[in-house]
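Read through the structure below, which is laid out as structure tokens, and then see the notes.
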Amino acid sequence: MFAAENGLKGDPRLEAISQAIRVVPHFPKKGIMFQDITTLLLDHKAFQDTVDIFVDRYRNMDISVVAGIEARGFMFGPSIALAIGAKFVPLRKPKKLPGTRTKYHAGKVICEEYELEYGTDCLEMQVDAVQPGDRALIVDDLVATGGTLSAAIRLLERMGAQVVECGCVVGLPEVKGQCRLNGKPVYILVEPREIDNCRHADISSEFLNVQCSG
Ligand SMILES: O=P(O)(O)OC[C@H]1O[C@H](OP(=O)(O)OP(=O)(O)O)[C@H](O)[C@@H]1O
Ligand SMILES: Nc1ncnc2[nH]cnc12
């Protein structure tokens, strides 16, 4: 569900957050309107408002773990976890977390695959980071197809955690109107903008041609 349809209708913070996100056309390949949240991180007020909106929503939901998805979920998740008094657990891309991937013991790392446009990837989690009964919030910058969030949900549920909600800054049109993912609610702050609507649309076509691989 989008924040504007869920209590924050007309909240000027949402428009400011949207405006602070740079749209980069044709990155990393032709046809993708890349939503670059690094410009949001440069805007102190918009960054603070982003974290505050999530904190206000989750502070009384008895969340015990915030799981952030590599890489951009790491930019929002820890601040939210600290503010609501939860632990932070990184869900990482393959072979970044130390631990065995075979035997089941405290040092074990578990993996869940998900589909990309071309091929598959996987997310990993250390099993001793989460205990049965933990109440989890999963945080990422953006949801597009939902494949990444679905893998994150499966990782947490394998360890017996209850996924309360997924929180994302941006939701692409693919998820517009879809308020639940794999049976779990998704809370999204803003929709993506098109380039002609963008404060940061100052990237020359020459630069874009260099970045564009397909
Ligand atoms: O909903 P989906 O279709 O699964 O896409 C969303 C994911 O895609 C982006 O990450 P990306 O895979 O580009 O990885 P990165 O953050 O490591 O660059 C984004 O940060 C989400 O994690
Ligand atoms: N348009 C987009 N912008 C940023 N990250 C993405 N991940 C998938 N699609 C994306």
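Starting from 1 in every chain, residues are counted up; chains themselves are A, B, ... following the order of the structure tokens, and ligands are numbered from 1 as listed.
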If you count only C-alpha atoms, which residues fall within 12 Å of Ala86 of chain A, apart from same-chain ones fewer than 5 positions away, as a PyMOL selection string?
-> chain A and resi 55+58-67+77-81+130+134-138
Residues just named, written with C-alpha atoms as a JSON list (two decimals), in the first residue's frame:
[["chain", "number", "residue", "atom", "x", "y", "z"],
["A", 55, "VAL", "CA", 9.76, 5.02, 12.50],
["A", 58, "TYR", "CA", 6.65, 0.85, 13.15],
["A", 59, "ARG", "CA", 7.52, 2.12, 16.63],
["A", 60, "ASN", "CA", 4.46, 0.53, 18.27],
["A", 61, "MET", "CA", 4.30, -2.67, 16.25],
["A", 62, "ASP", "CA", 6.54, -4.69, 18.54],
["A", 63, "ILE", "CA", 9.14, -5.22, 15.80],
["A", 64, "SER", "CA", 12.21, -7.06, 17.14],
["A", 65, "VAL", "CA", 14.26, -7.28, 13.93],
["A", 66, "VAL", "CA", 14.74, -4.97, 10.97],
["A", 67, "ALA", "CA", 16.20, -6.88, 8.02],
["A", 77, "GLY", "CA", 17.31, -0.03, 7.75],
["A", 78, "PRO", "CA", 19.85, 0.64, 10.51],
["A", 79, "SER", "CA", 18.46, 4.11, 11.34],
["A", 80, "ILE", "CA", 14.96, 2.67, 11.59],
["A", 81, "ALA", "CA", 16.16, -0.25, 13.74],
["A", 130, "VAL", "CA", 17.07, -14.40, 13.86],
["A", 134, "ASP", "CA", 11.08, -12.58, 16.12],
["A", 135, "ARG", "CA", 8.77, -10.01, 14.55],
["A", 136, "ALA", "CA", 10.42, -8.70, 11.41],
["A", 137, "LEU", "CA", 10.28, -5.61, 9.26],
["A", 138, "ILE", "CA", 12.09, -5.95, 5.89]]
From a DSSP calculation on the backbone, collect every residue of segment 34-108 of chain A in alpha helix (DSSP H) and output the set as a PyMOL selection string.
-> chain A and resi 38-42+44-58+77-84
Could you save those same residues with N, CA and C atoms as a PDB file, in the first residue's frame?
ATOM      1  N   THR A  38      20.462   7.881  -3.970  1.00  0.00           N
ATOM      2  CA  THR A  38      21.639   8.521  -3.363  1.00  0.00           C
ATOM      3  C   THR A  38      21.441  10.040  -3.253  1.00  0.00           C
ATOM      4  N   THR A  39      20.630  10.622  -4.151  1.00  0.00           N
ATOM      5  CA  THR A  39      20.364  12.065  -4.025  1.00  0.00           C
ATOM      6  C   THR A  39      19.426  12.363  -2.857  1.00  0.00           C
ATOM      7  N   LEU A  40      18.603  11.407  -2.498  1.00  0.00           N
ATOM      8  CA  LEU A  40      17.769  11.554  -1.287  1.00  0.00           C
ATOM      9  C   LEU A  40      18.657  11.600  -0.044  1.00  0.00           C
ATOM     10  N   LEU A  41      19.722  10.818  -0.044  1.00  0.00           N
ATOM     11  CA  LEU A  41      20.642  10.786   1.109  1.00  0.00           C
ATOM     12  C   LEU A  41      21.387  12.116   1.260  1.00  0.00           C
ATOM     13  N   LEU A  42      21.509  12.869   0.162  1.00  0.00           N
ATOM     14  CA  LEU A  42      22.205  14.163   0.207  1.00  0.00           C
ATOM     15  C   LEU A  42      21.330  15.268   0.800  1.00  0.00           C
ATOM     16  N   HIS A  44      19.294  16.387   3.685  1.00  0.00           N
ATOM     17  CA  HIS A  44      19.153  15.989   5.081  1.00  0.00           C
ATOM     18  C   HIS A  44      17.699  15.901   5.526  1.00  0.00           C
ATOM     19  N   LYS A  45      16.906  16.920   5.151  1.00  0.00           N
ATOM     20  CA  LYS A  45      15.504  16.928   5.618  1.00  0.00           C
ATOM     21  C   LYS A  45      14.714  15.770   4.998  1.00  0.00           C
ATOM     22  N   ALA A  46      14.886  15.591   3.691  1.00  0.00           N
ATOM     23  CA  ALA A  46      14.130  14.524   3.029  1.00  0.00           C
ATOM     24  C   ALA A  46      14.559  13.145   3.544  1.00  0.00           C
ATOM     25  N   PHE A  47      15.846  12.983   3.800  1.00  0.00           N
ATOM     26  CA  PHE A  47      16.357  11.704   4.341  1.00  0.00           C
ATOM     27  C   PHE A  47      15.786  11.467   5.748  1.00  0.00           C
ATOM     28  N   GLN A  48      15.838  12.531   6.571  1.00  0.00           N
ATOM     29  CA  GLN A  48      15.298  12.422   7.938  1.00  0.00           C
ATOM     30  C   GLN A  48      13.794  12.108   7.899  1.00  0.00           C
ATOM     31  N   ASP A  49      13.064  12.802   7.021  1.00  0.00           N
ATOM     32  CA  ASP A  49      11.614  12.567   6.912  1.00  0.00           C
ATOM     33  C   ASP A  49      11.329  11.126   6.491  1.00  0.00           C
ATOM     34  N   THR A  50      12.152  10.604   5.584  1.00  0.00           N
ATOM     35  CA  THR A  50      11.969   9.218   5.126  1.00  0.00           C
ATOM     36  C   THR A  50      12.068   8.254   6.308  1.00  0.00           C
ATOM     37  N   VAL A  51      13.139   8.426   7.082  1.00  0.00           N
ATOM     38  CA  VAL A  51      13.334   7.551   8.247  1.00  0.00           C
ATOM     39  C   VAL A  51      12.203   7.769   9.265  1.00  0.00           C
ATOM     40  N   ASP A  52      11.842   9.031   9.490  1.00  0.00           N
ATOM     41  CA  ASP A  52      10.806   9.339  10.497  1.00  0.00           C
ATOM     42  C   ASP A  52       9.454   8.720  10.145  1.00  0.00           C
ATOM     43  N   ILE A  53       9.108   8.748   8.866  1.00  0.00           N
ATOM     44  CA  ILE A  53       7.802   8.177   8.467  1.00  0.00           C
ATOM     45  C   ILE A  53       7.766   6.682   8.789  1.00  0.00           C
ATOM     46  N   PHE A  54       8.869   5.995   8.476  1.00  0.00           N
ATOM     47  CA  PHE A  54       8.923   4.568   8.813  1.00  0.00           C
ATOM     48  C   PHE A  54       8.915   4.364  10.335  1.00  0.00           C
ATOM     49  N   VAL A  55       9.676   5.173  11.040  1.00  0.00           N
ATOM     50  CA  VAL A  55       9.765   5.017  12.502  1.00  0.00           C
ATOM     51  C   VAL A  55       8.391   5.246  13.136  1.00  0.00           C
ATOM     52  N   ASP A  56       7.677   6.292  12.688  1.00  0.00           N
ATOM     53  CA  ASP A  56       6.331   6.560  13.236  1.00  0.00           C
ATOM     54  C   ASP A  56       5.398   5.383  12.996  1.00  0.00           C
ATOM     55  N   ARG A  57       5.544   4.765  11.820  1.00  0.00           N
ATOM     56  CA  ARG A  57       4.652   3.645  11.501  1.00  0.00           C
ATOM     57  C   ARG A  57       4.973   2.406  12.342  1.00  0.00           C
ATOM     58  N   TYR A  58       6.267   2.150  12.574  1.00  0.00           N
ATOM     59  CA  TYR A  58       6.649   0.849  13.154  1.00  0.00           C
ATOM     60  C   TYR A  58       6.966   0.877  14.639  1.00  0.00           C
ATOM     61  N   GLY A  77      17.660   0.917   6.690  1.00  0.00           N
ATOM     62  CA  GLY A  77      17.306  -0.030   7.750  1.00  0.00           C
ATOM     63  C   GLY A  77      17.926   0.238   9.106  1.00  0.00           C
ATOM     64  N   PRO A  78      19.254   0.484   9.187  1.00  0.00           N
ATOM     65  CA  PRO A  78      19.854   0.636  10.514  1.00  0.00           C
ATOM     66  C   PRO A  78      19.289   1.827  11.306  1.00  0.00           C
ATOM     67  N   SER A  79      19.019   2.943  10.638  1.00  0.00           N
ATOM     68  CA  SER A  79      18.458   4.113  11.342  1.00  0.00           C
ATOM     69  C   SER A  79      17.081   3.784  11.911  1.00  0.00           C
ATOM     70  N   ILE A  80      16.305   3.044  11.132  1.00  0.00           N
ATOM     71  CA  ILE A  80      14.956   2.670  11.595  1.00  0.00           C
ATOM     72  C   ILE A  80      15.073   1.709  12.782  1.00  0.00           C
ATOM     73  N   ALA A  81      15.983   0.735  12.661  1.00  0.00           N
ATOM     74  CA  ALA A  81      16.162  -0.245  13.740  1.00  0.00           C
ATOM     75  C   ALA A  81      16.563   0.441  15.048  1.00  0.00           C
ATOM     76  N   LEU A  82      17.518   1.360  14.976  1.00  0.00           N
ATOM     77  CA  LEU A  82      17.965   2.051  16.189  1.00  0.00           C
ATOM     78  C   LEU A  82      16.825   2.827  16.827  1.00  0.00           C
ATOM     79  N   ALA A  83      16.036   3.492  15.987  1.00  0.00           N
ATOM     80  CA  ALA A  83      14.968   4.354  16.516  1.00  0.00           C
ATOM     81  C   ALA A  83      13.827   3.555  17.138  1.00  0.00           C
ATOM     82  N   ILE A  84      13.561   2.349  16.633  1.00  0.00           N
ATOM     83  CA  ILE A  84      12.439   1.579  17.194  1.00  0.00           C
ATOM     84  C   ILE A  84      12.920   0.517  18.182  1.00  0.00           C
TER      85      ILE A  84
END
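With only C-alpha atoms and all ligand atoms as the atoms that count, the set of residues no farther than 9 Å from ligand 2 is A:Val23, A:Val24, A:Pro25, A:Phe27, A:Pro28, A:Ile32, A:Met33, A:Phe34, A:Gln35, A:Asp36, A:Ile37, A:Asp141, A:Leu142, A:Val143, A:Ala144, A:Thr145, A:Val170, A:Leu172, A:Pro192.
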Using only C-alpha atoms, tabulate the residues of segment 32-132 of chain A lying at most 8 Å from any atom of segment 151-162 of chain A, each with its closest atom pair and that distance in Å to one decimal, by chain and increasing residue number, as a Markdown table.
| residue | atom | partner | partner_atom | distance |
| --- | --- | --- | --- | --- |
| A:Ile69 | CA | A:Ala152 | CA | 7.6 |
| A:Leu91 | CA | A:Ala152 | CA | 7.2 |
| A:Ile110 | CA | A:Leu155 | CA | 7.3 |
| A:Cys111 | CA | A:Leu155 | CA | 7.1 |
| A:Glu112 | CA | A:Ala151 | CA | 5.5 |
| A:Glu113 | CA | A:Ala151 | CA | 6.4 |
| A:Tyr114 | CA | A:Ala151 | CA | 6.0 |
| A:Cys122 | CA | A:Ala151 | CA | 7.6 |
| A:Leu123 | CA | A:Ala151 | CA | 6.8 |
| A:Glu124 | CA | A:Leu155 | CA | 7.6 |
| A:Met125 | CA | A:Leu155 | CA | 7.0 |
| A:Val127 | CA | A:Met159 | CA | 6.8 |
| A:Val130 | CA | A:Met159 | CA | 6.5 |
| A:Gln131 | CA | A:Met159 | CA | 6.4 |
| A:Pro132 | CA | A:Gly160 | CA | 4.1 |
Residues from the last selection, C-alpha atoms, saved as a PDB file, in the first residue's frame:
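So the final result, stored in result31.pdb, reads:
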ATOM      1  CA  ILE A  69      18.426  -5.888   1.802  1.00  0.00           C
ATOM      2  CA  LEU A  91      20.455  -9.814   4.031  1.00  0.00           C
ATOM      3  CA  ILE A 110      21.076 -19.870   4.422  1.00  0.00           C
ATOM      4  CA  CYS A 111      20.250 -18.784   0.890  1.00  0.00           C
ATOM      5  CA  GLU A 112      17.092 -18.071  -1.091  1.00  0.00           C
ATOM      6  CA  GLU A 113      17.143 -17.692  -4.858  1.00  0.00           C
ATOM      7  CA  TYR A 114      15.046 -15.230  -6.797  1.00  0.00           C
ATOM      8  CA  CYS A 122      20.247 -15.124  -4.214  1.00  0.00           C
ATOM      9  CA  LEU A 123      20.082 -13.458  -0.836  1.00  0.00           C
ATOM     10  CA  GLU A 124      21.796 -14.895   2.236  1.00  0.00           C
ATOM     11  CA  MET A 125      21.282 -14.595   5.991  1.00  0.00           C
ATOM     12  CA  VAL A 127      20.809 -18.297  10.854  1.00  0.00           C
ATOM     13  CA  VAL A 130      17.067 -14.396  13.865  1.00  0.00           C
ATOM     14  CA  GLN A 131      15.183 -16.486  16.417  1.00  0.00           C
ATOM     15  CA  PRO A 132      11.773 -18.155  16.145  1.00  0.00           C
TER      16      PRO A 132
END
For ligand 1, the nearest of the candidates A:Lys108, A:Lys29, A:Arg193, A:Lys87, counting only C-alpha atoms and all ligand atoms =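 Smallest separation from ligand 1 among the options: A:Lys29.
The closest residue to ligand 1, picked from A:Asp140, A:Phe76, A:Lys30, A:Ser18 and counting only C-alpha atoms and all ligand atoms, is A:Asp140.
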Atomic separation - atom CA of Pro185 of chain A relative to atom 5 (O, counted along the ligand's line) of ligand 1, Å =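 Computing the Euclidean distance for atom 5 (O, counted along the ligand's line) of ligand 1 and atom CA of Pro185 of chain A yields 16.3 Å.
Checking A:Ala71, A:Val139, A:Cys166, A:Val89 one by one against ligand 1, counting only C-alpha atoms and all ligand atoms, you find the shortest gap at A:Ala71.
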Any idea what's packed within 7 Å of Tyr187 of chain A, counting only C-alpha atoms, ignoring anything in its chain fewer than 4 positions away? Could you give it as a PyMOL selection string?
-> chain A and resi 1-3+166-168
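Here atom 13 (O, counted along the ligand's line) of ligand 1 is placed at a distance of 28.5 Å from atom CA of Gly85 of chain A.
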Near Ala4 of chain A, within 10 Å and counting only C-alpha atoms, which residues show up once chain neighbours fewer than 4 positions away are dropped, as a PyMOL selection string?
-> chain A and resi 8-11+14-15+188-191
Could you save those same residues with N, CA and C atoms as an mmCIF file, in the first residue's frame?
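File written: out_23.cif
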data_model
loop_
_atom_site.group_PDB
_atom_site.id
_atom_site.type_symbol
_atom_site.label_atom_id
_atom_site.label_comp_id
_atom_site.auth_asym_id
_atom_site.auth_seq_id
_atom_site.Cartn_x
_atom_site.Cartn_y
_atom_site.Cartn_z
ATOM 1 N N LEU A 8 -1.268 9.326 5.090
ATOM 2 C CA LEU A 8 -0.385 10.465 4.800
ATOM 3 C C LEU A 8 -0.823 11.227 3.550
ATOM 4 N N LYS A 9 -2.095 11.119 3.210
ATOM 5 C CA LYS A 9 -2.602 11.841 2.018
ATOM 6 C C LYS A 9 -2.307 13.336 2.164
ATOM 7 N N GLY A 10 -1.687 13.909 1.141
ATOM 8 C CA GLY A 10 -1.400 15.344 1.158
ATOM 9 C C GLY A 10 -0.224 15.734 2.027
ATOM 10 N N ASP A 11 0.457 14.781 2.609
ATOM 11 C CA ASP A 11 1.616 15.099 3.459
ATOM 12 C C ASP A 11 2.747 15.646 2.571
ATOM 13 N N LEU A 14 6.031 13.660 1.545
ATOM 14 C CA LEU A 14 6.090 12.631 0.492
ATOM 15 C C LEU A 14 6.519 13.237 -0.838
ATOM 16 N N GLU A 15 5.975 14.410 -1.159
ATOM 17 C CA GLU A 15 6.359 15.064 -2.417
ATOM 18 C C GLU A 15 7.830 15.463 -2.376
ATOM 19 N N ILE A 188 4.753 1.490 0.991
ATOM 20 C CA ILE A 188 5.609 2.208 0.039
ATOM 21 C C ILE A 188 5.389 3.708 0.201
ATOM 22 N N LEU A 189 6.480 4.466 0.250
ATOM 23 C CA LEU A 189 6.327 5.916 0.445
ATOM 24 C C LEU A 189 5.926 6.638 -0.832
ATOM 25 N N VAL A 190 6.639 6.387 -1.936
ATOM 26 C CA VAL A 190 6.347 7.162 -3.153
ATOM 27 C C VAL A 190 6.396 6.289 -4.399
ATOM 28 N N GLU A 191 5.735 6.790 -5.429
ATOM 29 C CA GLU A 191 5.833 6.172 -6.751
ATOM 30 C C GLU A 191 7.027 6.772 -7.484
#
Got a sec to tell me which of chain A DSSP assigns to strand (DSSP E or B), as a PyMOL selection string?
-> chain A and resi 2+22-25+33-36+65-69+87-92+100+108-115+120-126+135-143+162-171+180-181+184-190
